[in-house]
Amino acid sequence: MADSAAPAHTAKTVYHSVANTHPVKVAASGVEVFYADKQALHGINLDIQDRSVTAFIGPSGCGKSTFLRCINRMNDTIDTARVAGSIRIDDEEINDRAVDPVLLRARVGMVFQKPNPFPKSIYDNVAYGPRIHGLASGKDELDAIVETSLKKAGLWDEVADRLDQPGNSLSGGQQQRLVIARAIAVNPEVILMDEPCSALDPIATARIEELIDELRENYCLIIVTHSMAQAARVSQMTAFFHLGHLVEYGPTEEIFTNPRDRRTQDYITGRFG
Amino acid sequence: MNSPAQQGHHIVKAFSEELEQLSASVATMGGLAESMISDAIDAIITRDSDLALDVAERDKRIDALQHDVERQIIRLLALRQPLAWDLRVCIAALKISADLERVGDLAKNIARRTRALNEAEPLPLTKSVERMGRLVQRHLHEVLDAYVSGEIAGAVGVWERDDDVDEHYNALFRELLTCMAGDSRLIGPGTHLLFIAKNLERVGDHATNIAELVHYAVTGSELTAERPKGTPLESGAS
(Lines give C-alpha, C1' and ligand atoms only; values in the text may rest on other atoms or scores of the structure.)
Protein backbone atom coordinates (compact mmCIF):
# COMPACT_ATOMS: atom_id res chain seq x y z
CA MET A 1 0.00 0.00 0.00
CA ALA A 2 2.09 2.86 -1.31
CA ASP A 3 -0.27 5.57 -0.13
CA SER A 4 -0.35 4.56 3.51
CA ALA A 5 -1.47 7.32 5.83
CA ALA A 6 1.22 6.37 8.27
CA PRO A 7 4.69 7.45 7.21
CA ALA A 8 7.86 5.66 8.19
CA HIS A 9 9.42 6.22 11.60
CA THR A 10 10.83 9.67 12.10
CA ALA A 11 12.42 11.30 15.09
CA LYS A 12 10.30 14.39 14.51
CA THR A 13 7.02 14.94 16.25
CA VAL A 14 3.93 15.04 14.08
CA TYR A 15 1.84 18.03 15.11
CA HIS A 16 -1.72 18.16 13.80
CA SER A 17 -3.12 21.59 13.13
CA VAL A 18 -5.20 22.73 16.05
CA ALA A 19 -7.94 25.29 16.38
CA ASN A 20 -6.72 27.34 19.32
CA THR A 21 -10.00 27.58 21.13
CA HIS A 22 -8.27 28.12 24.47
CA PRO A 23 -5.08 29.92 25.44
CA VAL A 24 -1.97 27.88 26.11
CA LYS A 25 -1.65 27.11 29.81
CA VAL A 26 1.45 24.94 29.91
CA ALA A 27 4.19 25.41 27.34
CA ALA A 28 7.01 22.88 27.28
CA SER A 29 10.04 23.44 25.16
CA GLY A 30 13.04 21.14 24.75
CA VAL A 31 12.26 19.22 27.91
CA GLU A 32 14.75 16.46 28.64
CA VAL A 33 14.86 14.25 31.71
CA PHE A 34 17.72 12.02 32.81
CA TYR A 35 17.60 9.45 35.56
CA ALA A 36 21.31 9.15 36.38
CA ASP A 37 22.83 8.33 32.95
CA LYS A 38 19.64 7.16 31.37
CA GLN A 39 17.77 9.69 29.25
CA ALA A 40 14.03 9.30 29.83
CA LEU A 41 12.75 12.21 27.72
CA HIS A 42 14.15 13.68 24.53
CA GLY A 43 13.42 17.28 23.59
CA ILE A 44 9.68 17.46 24.31
CA ASN A 45 7.95 20.47 22.77
CA LEU A 46 4.30 20.64 23.70
CA ASP A 47 1.74 23.40 24.25
CA ILE A 48 -1.18 22.41 26.43
CA GLN A 49 -4.42 24.36 26.25
CA ASP A 50 -6.23 25.75 29.26
CA ARG A 51 -9.76 24.60 30.07
CA SER A 52 -9.42 21.37 28.23
CA VAL A 53 -8.36 17.80 28.85
CA THR A 54 -5.12 16.58 27.31
CA ALA A 55 -4.39 12.86 27.37
CA PHE A 56 -0.89 11.40 27.38
CA ILE A 57 -0.80 7.90 25.96
CA GLY A 58 1.97 5.46 25.16
CA PRO A 59 3.43 2.13 26.23
CA SER A 60 4.91 1.65 29.70
CA GLY A 61 8.25 3.38 30.02
CA CYS A 62 7.57 5.80 27.16
CA GLY A 63 8.06 8.87 29.35
CA LYS A 64 4.48 10.07 29.64
CA SER A 65 4.41 9.90 33.45
CA THR A 66 7.91 11.35 33.62
CA PHE A 67 6.74 14.30 31.57
CA LEU A 68 3.61 14.67 33.67
CA ARG A 69 5.79 14.82 36.78
CA CYS A 70 7.86 17.61 35.22
CA ILE A 71 4.82 19.86 35.25
CA ASN A 72 4.72 20.08 39.03
CA ARG A 73 8.43 19.33 39.54
CA MET A 74 7.79 15.98 41.14
CA ASN A 75 11.06 14.81 39.60
CA ASP A 76 12.82 17.11 42.10
CA THR A 77 12.07 14.49 44.71
CA ILE A 78 14.23 11.93 42.89
CA ASP A 79 17.92 12.46 43.67
CA THR A 80 19.27 11.08 40.41
CA ALA A 81 16.78 12.91 38.21
CA ARG A 82 17.95 15.88 36.15
CA VAL A 83 15.53 18.03 34.14
CA ALA A 84 16.56 20.30 31.29
CA GLY A 85 14.55 22.58 29.04
CA SER A 86 11.74 24.96 29.74
CA ILE A 87 8.24 24.53 31.11
CA ARG A 88 6.18 27.67 31.41
CA ILE A 89 2.82 27.97 33.09
CA ASP A 90 1.19 31.25 32.05
CA ASP A 91 4.60 32.45 30.86
CA GLU A 92 6.25 31.74 34.20
CA GLU A 93 9.24 29.39 34.05
CA ILE A 94 8.54 26.75 36.68
CA ASN A 95 12.08 25.39 36.69
CA ASP A 96 13.44 28.75 37.96
CA ARG A 97 15.20 28.46 41.27
CA ALA A 98 12.98 31.24 42.52
CA VAL A 99 9.89 29.07 42.14
CA ASP A 100 9.01 27.27 45.36
CA PRO A 101 8.03 23.71 44.38
CA VAL A 102 5.60 23.50 47.30
CA LEU A 103 3.68 26.54 46.09
CA LEU A 104 3.93 25.27 42.53
CA ARG A 105 2.27 22.01 43.59
CA ALA A 106 -0.63 23.98 45.04
CA ARG A 107 -1.11 25.52 41.59
CA VAL A 108 -0.55 22.19 39.86
CA GLY A 109 -2.47 19.49 41.70
CA MET A 110 -1.90 15.81 41.18
CA VAL A 111 -4.05 12.70 41.41
CA PHE A 112 -2.40 9.30 41.38
CA GLN A 113 -3.28 5.84 40.18
CA LYS A 114 -4.09 4.59 43.64
CA PRO A 115 -6.24 6.86 45.77
CA ASN A 116 -4.01 8.13 48.59
CA PRO A 117 -6.15 9.88 51.18
CA PHE A 118 -4.33 10.98 54.32
CA PRO A 119 -5.05 8.83 57.38
CA LYS A 120 -7.36 11.55 58.59
CA SER A 121 -11.04 12.37 58.48
CA ILE A 122 -12.79 13.18 55.22
CA TYR A 123 -13.00 16.80 56.39
CA ASP A 124 -9.32 17.04 57.28
CA ASN A 125 -8.25 15.48 54.00
CA VAL A 126 -9.83 18.37 52.14
CA ALA A 127 -9.02 21.02 54.74
CA TYR A 128 -5.34 20.09 54.96
CA GLY A 129 -4.15 22.06 51.91
CA PRO A 130 -6.13 25.24 52.60
CA ARG A 131 -4.85 25.14 56.20
CA ILE A 132 -1.16 24.85 55.40
CA HIS A 133 -1.42 27.41 52.62
CA GLY A 134 -3.42 29.76 54.85
CA LEU A 135 -6.29 30.01 52.41
CA ALA A 136 -9.03 30.22 55.05
CA SER A 137 -9.23 32.87 57.77
CA GLY A 138 -11.57 31.01 60.06
CA LYS A 139 -13.55 27.89 60.69
CA ASP A 140 -16.56 29.05 58.67
CA GLU A 141 -14.46 29.82 55.66
CA LEU A 142 -12.67 26.49 55.92
CA ASP A 143 -16.03 24.72 56.17
CA ALA A 144 -17.13 26.51 53.03
CA ILE A 145 -13.98 25.50 51.14
CA VAL A 146 -14.43 21.86 52.20
CA GLU A 147 -18.05 21.84 51.12
CA THR A 148 -17.41 23.55 47.79
CA SER A 149 -14.49 21.25 46.99
CA LEU A 150 -16.44 18.12 47.83
CA LYS A 151 -19.33 19.39 45.71
CA LYS A 152 -17.07 20.11 42.77
CA ALA A 153 -15.66 16.61 43.12
CA GLY A 154 -19.19 15.17 43.11
CA LEU A 155 -18.74 13.61 46.54
CA TRP A 156 -20.64 15.97 48.86
CA ASP A 157 -24.00 14.20 48.72
CA GLU A 158 -22.39 10.91 49.66
CA VAL A 159 -20.30 12.15 52.61
CA ALA A 160 -22.02 15.29 53.97
CA ASP A 161 -23.31 13.45 57.03
CA ARG A 162 -20.04 11.70 57.90
CA LEU A 163 -17.26 14.22 57.38
CA ASP A 164 -15.56 13.10 60.58
CA GLN A 165 -15.09 9.55 59.40
CA PRO A 166 -11.70 8.42 58.08
CA GLY A 167 -11.04 9.13 54.41
CA ASN A 168 -9.87 5.60 53.82
CA SER A 169 -13.23 4.22 54.98
CA LEU A 170 -14.68 5.26 51.63
CA SER A 171 -14.89 3.04 48.55
CA GLY A 172 -12.07 3.23 45.99
CA GLY A 173 -14.02 5.47 43.66
CA GLN A 174 -15.09 7.73 46.51
CA GLN A 175 -11.50 7.92 47.75
CA GLN A 176 -10.36 8.98 44.30
CA ARG A 177 -12.99 11.73 44.27
CA LEU A 178 -11.89 12.72 47.79
CA VAL A 179 -8.34 13.07 46.54
CA ILE A 180 -9.59 15.20 43.66
CA ALA A 181 -11.53 17.35 46.16
CA ARG A 182 -8.31 17.70 48.15
CA ALA A 183 -6.49 18.86 45.03
CA ILE A 184 -9.26 21.32 44.12
CA ALA A 185 -9.37 22.78 47.65
CA VAL A 186 -6.15 24.76 47.14
CA ASN A 187 -7.44 26.45 43.97
CA PRO A 188 -5.11 24.84 41.48
CA GLU A 189 -4.85 25.96 37.87
CA VAL A 190 -3.66 22.68 36.45
CA ILE A 191 -4.68 19.18 37.56
CA LEU A 192 -2.45 16.26 36.66
CA MET A 193 -3.90 12.77 36.77
CA ASP A 194 -1.74 9.69 36.50
CA GLU A 195 -4.02 6.79 35.55
CA PRO A 196 -6.73 7.97 37.95
CA CYS A 197 -9.19 5.18 37.10
CA SER A 198 -6.98 2.15 36.66
CA ALA A 199 -7.99 0.79 40.09
CA LEU A 200 -11.70 1.57 39.71
CA ASP A 201 -14.69 -0.35 38.41
CA PRO A 202 -16.58 0.93 35.34
CA ILE A 203 -19.22 2.81 37.34
CA ALA A 204 -16.66 4.57 39.55
CA THR A 205 -14.64 5.22 36.39
CA ALA A 206 -17.65 6.79 34.69
CA ARG A 207 -18.12 9.08 37.72
CA ILE A 208 -14.51 10.24 37.55
CA GLU A 209 -14.77 10.76 33.80
CA GLU A 210 -17.92 12.82 34.24
CA LEU A 211 -16.09 14.79 36.91
CA ILE A 212 -13.13 15.37 34.58
CA ASP A 213 -15.55 16.66 31.97
CA GLU A 214 -17.07 19.10 34.47
CA LEU A 215 -13.71 20.26 35.80
CA ARG A 216 -12.65 21.10 32.26
CA GLU A 217 -14.72 24.28 32.46
CA ASN A 218 -12.39 25.76 35.05
CA TYR A 219 -9.10 23.91 34.91
CA CYS A 220 -6.40 22.69 32.63
CA LEU A 221 -6.43 18.90 33.03
CA ILE A 222 -3.76 16.48 31.92
CA ILE A 223 -4.39 12.78 32.21
CA VAL A 224 -2.08 9.84 31.71
CA THR A 225 -4.02 6.73 30.80
CA HIS A 226 -3.39 3.26 29.47
CA SER A 227 -6.98 2.99 28.33
CA MET A 228 -7.35 4.11 24.72
CA ALA A 229 -11.09 4.23 25.23
CA GLN A 230 -10.72 6.50 28.23
CA ALA A 231 -8.37 8.86 26.39
CA ALA A 232 -10.90 8.95 23.55
CA ARG A 233 -13.81 9.59 25.92
CA VAL A 234 -12.40 12.32 28.13
CA SER A 235 -9.79 14.26 26.21
CA GLN A 236 -9.87 16.92 23.54
CA MET A 237 -6.18 16.64 22.74
CA THR A 238 -3.97 13.55 22.76
CA ALA A 239 -0.20 13.24 22.89
CA PHE A 240 1.43 9.93 22.02
CA PHE A 241 4.81 9.19 23.62
CA HIS A 242 7.17 6.44 22.57
CA LEU A 243 10.66 5.65 23.89
CA GLY A 244 11.00 9.07 25.48
CA HIS A 245 9.92 10.98 22.38
CA LEU A 246 6.72 12.84 21.70
CA VAL A 247 5.66 11.11 18.49
CA GLU A 248 2.36 12.74 17.66
CA TYR A 249 0.15 15.43 19.13
CA GLY A 250 -3.25 16.54 17.93
CA PRO A 251 -7.00 16.60 18.43
CA THR A 252 -8.12 13.34 20.02
CA GLU A 253 -10.60 12.61 17.25
CA GLU A 254 -7.87 12.76 14.63
CA ILE A 255 -5.39 10.73 16.63
CA PHE A 256 -7.92 7.92 17.02
CA THR A 257 -9.37 7.93 13.51
CA ASN A 258 -6.46 9.02 11.37
CA PRO A 259 -3.08 8.96 13.12
CA ARG A 260 -0.26 10.10 10.88
CA ASP A 261 2.67 8.30 12.44
CA ARG A 262 2.98 4.57 12.03
CA ARG A 263 4.01 4.10 15.68
CA THR A 264 0.87 5.86 16.90
CA GLN A 265 -1.31 3.63 14.78
CA ASP A 266 0.49 0.46 15.85
CA TYR A 267 0.03 1.39 19.49
CA ILE A 268 -3.62 2.42 19.47
CA THR A 269 -4.71 -0.48 17.28
CA GLY A 270 -2.74 -3.05 19.26
CA ARG A 271 -0.25 -4.04 16.59
CA PHE A 272 3.36 -5.10 16.95
CA GLY A 273 5.47 -1.96 16.91
CA MET B 1 -9.87 -5.05 2.70
CA ASN B 2 -6.68 -6.91 3.23
CA SER B 3 -4.51 -5.31 5.81
CA PRO B 4 -1.44 -4.69 3.69
CA ALA B 5 1.83 -6.06 4.97
CA GLN B 6 2.88 -2.58 6.07
CA GLN B 7 -0.04 -2.39 8.47
CA GLY B 8 1.45 -5.17 10.59
CA HIS B 9 -0.37 -7.74 12.65
CA HIS B 10 -2.39 -7.32 15.77
CA ILE B 11 -0.95 -8.63 18.99
CA VAL B 12 -4.32 -10.33 19.47
CA LYS B 13 -4.33 -12.70 16.49
CA ALA B 14 -8.08 -13.24 16.54
CA PHE B 15 -8.60 -9.51 15.88
CA SER B 16 -6.55 -9.70 12.67
CA GLU B 17 -8.39 -12.86 11.69
CA GLU B 18 -11.78 -11.23 12.21
CA LEU B 19 -10.81 -8.24 10.09
CA GLU B 20 -9.55 -10.58 7.37
CA GLN B 21 -12.79 -12.54 7.52
CA LEU B 22 -14.75 -9.29 7.19
CA SER B 23 -12.76 -8.27 4.13
CA ALA B 24 -13.19 -11.71 2.63
CA SER B 25 -16.96 -11.50 3.11
CA VAL B 26 -17.13 -8.08 1.47
CA ALA B 27 -14.94 -9.34 -1.39
CA THR B 28 -17.29 -12.31 -1.84
CA MET B 29 -20.25 -9.94 -1.96
CA GLY B 30 -18.37 -7.85 -4.52
CA GLY B 31 -17.62 -10.86 -6.70
CA LEU B 32 -21.25 -11.91 -6.57
CA ALA B 33 -22.51 -8.40 -7.42
CA GLU B 34 -20.10 -8.13 -10.31
CA SER B 35 -21.12 -11.51 -11.73
CA MET B 36 -24.79 -10.54 -11.43
CA ILE B 37 -24.20 -7.38 -13.45
CA SER B 38 -22.10 -9.25 -15.99
CA ASP B 39 -24.67 -12.03 -16.42
CA ALA B 40 -27.55 -9.54 -16.51
CA ILE B 41 -25.87 -7.82 -19.46
CA ASP B 42 -25.23 -11.18 -21.13
CA ALA B 43 -28.88 -12.08 -20.66
CA ILE B 44 -29.92 -8.90 -22.49
CA ILE B 45 -27.58 -9.55 -25.41
CA THR B 46 -28.32 -13.24 -25.78
CA ARG B 47 -32.01 -12.87 -24.92
CA ASP B 48 -31.50 -15.60 -22.35
CA SER B 49 -34.47 -15.58 -19.94
CA ASP B 50 -33.12 -18.53 -17.94
CA LEU B 51 -29.89 -16.67 -17.23
CA ALA B 52 -31.93 -13.60 -16.25
CA LEU B 53 -33.95 -15.72 -13.83
CA ASP B 54 -30.74 -17.11 -12.39
CA VAL B 55 -29.41 -13.57 -11.83
CA ALA B 56 -32.58 -12.56 -10.02
CA GLU B 57 -32.31 -15.64 -7.80
CA ARG B 58 -28.77 -14.71 -6.74
CA ASP B 59 -30.00 -11.53 -5.09
CA LYS B 60 -31.04 -13.55 -2.03
CA ARG B 61 -27.48 -14.67 -1.51
CA ILE B 62 -26.13 -11.15 -1.63
CA ASP B 63 -28.76 -10.04 0.89
CA ALA B 64 -27.77 -12.86 3.22
CA LEU B 65 -24.11 -11.93 2.85
CA GLN B 66 -24.88 -8.34 3.72
CA HIS B 67 -26.55 -9.43 6.95
CA ASP B 68 -23.52 -11.53 7.71
CA VAL B 69 -21.17 -8.58 7.10
CA GLU B 70 -23.28 -6.34 9.34
CA ARG B 71 -23.26 -8.94 12.08
CA GLN B 72 -19.48 -9.23 11.86
CA ILE B 73 -19.05 -5.46 12.06
CA ILE B 74 -21.36 -5.05 15.05
CA ARG B 75 -19.40 -7.77 16.77
CA LEU B 76 -16.07 -6.11 15.93
CA LEU B 77 -17.26 -2.73 17.18
CA ALA B 78 -18.64 -4.19 20.39
CA LEU B 79 -15.82 -6.57 21.24
CA ARG B 80 -12.68 -5.09 19.67
CA GLN B 81 -13.30 -1.33 19.70
CA PRO B 82 -11.36 -0.83 16.48
CA LEU B 83 -9.45 2.44 16.03
CA ALA B 84 -7.60 4.26 13.28
CA TRP B 85 -7.04 1.99 10.24
CA ASP B 86 -9.14 -0.78 11.78
CA LEU B 87 -12.04 1.57 12.49
CA ARG B 88 -11.95 3.02 9.00
CA VAL B 89 -11.87 -0.46 7.46
CA CYS B 90 -14.93 -1.48 9.50
CA ILE B 91 -16.91 1.63 8.61
CA ALA B 92 -15.94 1.32 4.95
CA ALA B 93 -16.97 -2.36 4.93
CA LEU B 94 -20.33 -1.49 6.46
CA LYS B 95 -21.06 1.11 3.80
CA ILE B 96 -19.56 -0.84 0.90
CA SER B 97 -21.70 -3.85 1.78
CA ALA B 98 -24.78 -1.60 1.62
CA ASP B 99 -23.68 -0.32 -1.80
CA LEU B 100 -23.13 -3.88 -3.02
CA GLU B 101 -26.50 -4.96 -1.73
CA ARG B 102 -28.07 -2.18 -3.80
CA VAL B 103 -26.05 -3.28 -6.83
CA GLY B 104 -27.59 -6.73 -6.34
CA ASP B 105 -31.08 -5.21 -6.26
CA LEU B 106 -30.38 -3.25 -9.44
CA ALA B 107 -29.03 -6.36 -11.20
CA LYS B 108 -32.15 -8.22 -10.16
CA ASN B 109 -34.33 -5.46 -11.57
CA ILE B 110 -32.37 -5.48 -14.83
CA ALA B 111 -32.84 -9.25 -15.05
CA ARG B 112 -36.59 -8.97 -14.51
CA ARG B 113 -36.90 -6.33 -17.21
CA THR B 114 -34.78 -8.49 -19.51
CA ARG B 115 -37.32 -11.29 -19.19
CA ALA B 116 -40.04 -8.82 -20.15
CA LEU B 117 -37.94 -7.54 -23.06
CA ASN B 118 -37.51 -11.06 -24.36
CA GLU B 119 -41.27 -11.31 -24.83
CA ALA B 120 -41.06 -8.59 -27.50
CA GLU B 121 -39.17 -8.10 -30.77
CA PRO B 122 -35.46 -7.28 -30.34
CA LEU B 123 -34.65 -3.57 -30.11
CA PRO B 124 -31.87 -1.99 -32.13
CA LEU B 125 -30.33 -0.25 -29.13
CA THR B 126 -29.24 -3.24 -27.07
CA LYS B 127 -25.63 -2.75 -28.32
CA SER B 128 -25.50 0.69 -26.69
CA VAL B 129 -26.86 -0.80 -23.48
CA GLU B 130 -24.20 -3.49 -23.65
CA ARG B 131 -21.42 -0.92 -24.07
CA MET B 132 -22.70 1.03 -21.11
CA GLY B 133 -23.14 -2.14 -19.07
CA ARG B 134 -19.60 -3.34 -19.78
CA LEU B 135 -18.24 0.06 -18.77
CA VAL B 136 -20.12 -0.04 -15.48
CA GLN B 137 -19.04 -3.62 -14.90
CA ARG B 138 -15.41 -2.60 -15.49
CA HIS B 139 -15.76 0.23 -12.96
CA LEU B 140 -17.20 -2.15 -10.40
CA HIS B 141 -14.40 -4.62 -11.07
CA GLU B 142 -11.72 -1.95 -10.66
CA VAL B 143 -13.04 -0.58 -7.36
CA LEU B 144 -13.37 -4.10 -5.99
CA ASP B 145 -9.76 -4.79 -7.00
CA ALA B 146 -8.78 -1.57 -5.25
CA TYR B 147 -10.72 -2.69 -2.19
CA VAL B 148 -8.94 -6.02 -2.03
CA SER B 149 -5.45 -4.70 -2.73
CA GLY B 150 -5.70 -1.40 -0.86
CA GLU B 151 -4.18 0.30 -3.94
CA ILE B 152 -6.16 3.51 -4.16
CA ALA B 153 -5.03 4.48 -7.67
CA GLY B 154 -7.66 2.16 -9.18
CA ALA B 155 -10.36 3.62 -6.95
CA VAL B 156 -9.43 7.20 -7.79
CA GLY B 157 -9.45 6.31 -11.50
CA VAL B 158 -13.00 5.00 -11.34
CA TRP B 159 -14.09 7.96 -9.27
CA GLU B 160 -12.71 10.35 -11.89
CA ARG B 161 -14.36 8.48 -14.76
CA ASP B 162 -17.91 8.35 -13.45
CA ASP B 163 -18.87 11.05 -15.96
CA ASP B 164 -18.25 8.54 -18.76
CA VAL B 165 -21.13 6.44 -17.47
CA ASP B 166 -23.38 9.49 -17.27
CA GLU B 167 -22.53 10.42 -20.84
CA HIS B 168 -23.37 6.92 -22.05
CA TYR B 169 -26.64 7.13 -20.20
CA ASN B 170 -27.57 10.53 -21.61
CA ALA B 171 -26.80 9.44 -25.16
CA LEU B 172 -28.82 6.27 -24.73
CA PHE B 173 -31.68 8.21 -23.24
CA ARG B 174 -31.87 10.48 -26.31
CA GLU B 175 -31.64 7.56 -28.72
CA LEU B 176 -34.39 5.66 -26.94
CA LEU B 177 -36.70 8.69 -26.92
CA THR B 178 -36.16 9.19 -30.63
CA CYS B 179 -36.79 5.52 -31.23
CA MET B 180 -40.01 5.47 -29.22
CA ALA B 181 -41.26 8.72 -30.76
CA GLY B 182 -40.82 7.17 -34.19
CA ASP B 183 -42.67 3.95 -33.45
CA SER B 184 -45.21 3.79 -30.65
CA ARG B 185 -45.04 -0.02 -30.59
CA LEU B 186 -41.53 0.36 -29.15
CA ILE B 187 -42.70 2.33 -26.13
CA GLY B 188 -43.13 -0.81 -23.98
CA PRO B 189 -39.77 -2.47 -24.61
CA GLY B 190 -38.10 0.96 -24.95
CA THR B 191 -39.20 1.87 -21.43
CA HIS B 192 -37.78 -1.35 -20.08
CA LEU B 193 -34.47 -0.62 -21.79
CA LEU B 194 -34.53 2.93 -20.45
CA PHE B 195 -34.94 1.65 -16.89
CA ILE B 196 -32.18 -0.89 -17.48
CA ALA B 197 -29.89 1.94 -18.56
CA LYS B 198 -30.93 3.97 -15.53
CA ASN B 199 -30.19 1.02 -13.27
CA LEU B 200 -26.76 0.62 -14.84
CA GLU B 201 -26.10 4.30 -14.30
CA ARG B 202 -26.92 3.83 -10.63
CA VAL B 203 -24.61 0.83 -10.40
CA GLY B 204 -21.95 3.23 -11.67
CA ASP B 205 -22.83 5.61 -8.83
CA HIS B 206 -22.43 2.81 -6.31
CA ALA B 207 -19.03 1.98 -7.81
CA THR B 208 -18.10 5.64 -7.29
CA ASN B 209 -19.28 5.46 -3.66
CA ILE B 210 -17.15 2.38 -3.13
CA ALA B 211 -14.17 4.20 -4.65
CA GLU B 212 -14.64 6.99 -2.10
CA LEU B 213 -14.91 4.50 0.76
CA VAL B 214 -11.76 2.64 -0.29
CA HIS B 215 -9.95 5.97 -0.43
CA TYR B 216 -11.24 6.89 3.02
CA ALA B 217 -10.27 3.54 4.54
CA VAL B 218 -6.75 3.69 3.15
CA THR B 219 -5.91 7.37 3.60
CA GLY B 220 -8.30 8.59 6.28
CA SER B 221 -9.28 11.53 4.09
CA GLU B 222 -12.22 12.17 1.82
CA LEU B 223 -11.75 11.93 -1.89
CA THR B 224 -13.81 15.02 -2.59
CA ALA B 225 -11.18 17.19 -1.00
CA GLU B 226 -8.70 16.34 -3.72
CA ARG B 227 -10.84 16.74 -6.80
CA PRO B 228 -9.82 19.95 -8.54
CA LYS B 229 -12.96 22.03 -8.79
CA GLY B 230 -13.92 23.22 -12.24
CA THR B 231 -11.37 21.03 -13.96
CA PRO B 232 -13.05 19.21 -16.82
CA LEU B 233 -12.77 15.47 -16.45
CA GLU B 234 -11.33 13.37 -19.20
CA SER B 235 -14.02 12.54 -21.69
CA GLY B 236 -14.02 8.90 -22.65
CA ALA B 237 -17.12 8.73 -24.83
CA SER B 238 -15.33 7.17 -27.74
# chains A, B, ... in the order shown; residues from 1 in each chain; ligands from 1
$ residues_around --residues "Tyr249 in chain A" --least-positions-apart "3" --cutoff "8 Å" --atoms "only C-alpha atoms" --output "list in words"
Thr13, Val14, Tyr15, His16, Met237, Thr238, Ala239, Phe240, Leu246 and Ile255 of chain A
$ residues_around --residues "range 214-221 of chain B" --least-positions-apart "4" --cutoff "6 Å" --atoms "only C-alpha atoms" --output "number ranges by chain"
A: 5, 258; B: 88-89, 147, 152
$ select_by_dssp --residues "range 47-125 of chain B" --states "helix (DSSP H, G or I)" --output "ChimeraX atom specification"
/B:49-80,84-117
$ atom_distance --atom1 "CA of Leu53 in chain B" --atom2 "CA of Leu65 in chain B"
19.7 Å
$ interface_residues --of "chain B" --to "chain A" --cutoff "10 Å" --atoms "only C-alpha atoms" --output "ChimeraX atom specification"
/B:3-13,15-16,80-88,149-153,215-221
$ atom_distance --atom1 "CA of Val186 in chain A" --atom2 "CA of Glu141 in chain A"
12.9 Å
$ closest_residue --among "B:Ala107, B:Leu79, B:Ala43, B:Leu100" --to "Leu200 in chain B" --atoms "only C-alpha atoms"
B:Ala107
$ select_by_dssp --residues "range 54-103 of chain A" --states "strand (DSSP E)" --output "list in words"
Thr54, Ala55, Phe56, Ile57, Ala81, Arg82, Val83, Ala84, Gly85, Ser86, Ile87, Arg88, Ile89, Glu92 and Glu93 of chain A
$ atom_distance --atom1 "CA of Ala146 in chain B" --atom2 "CA of Glu167 in chain B"
24.0 Å
$ closest_residue --among "A:Asp90, A:Val159, A:Ala185, A:Met110" --to "Arg131 in chain A" --atoms "only C-alpha atoms"
A:Ala185
$ closest_residue --among "A:Leu215, A:Cys70, A:Val83, A:Val247" --to "Glu32 in chain A" --atoms "only C-alpha atoms"
A:Val83
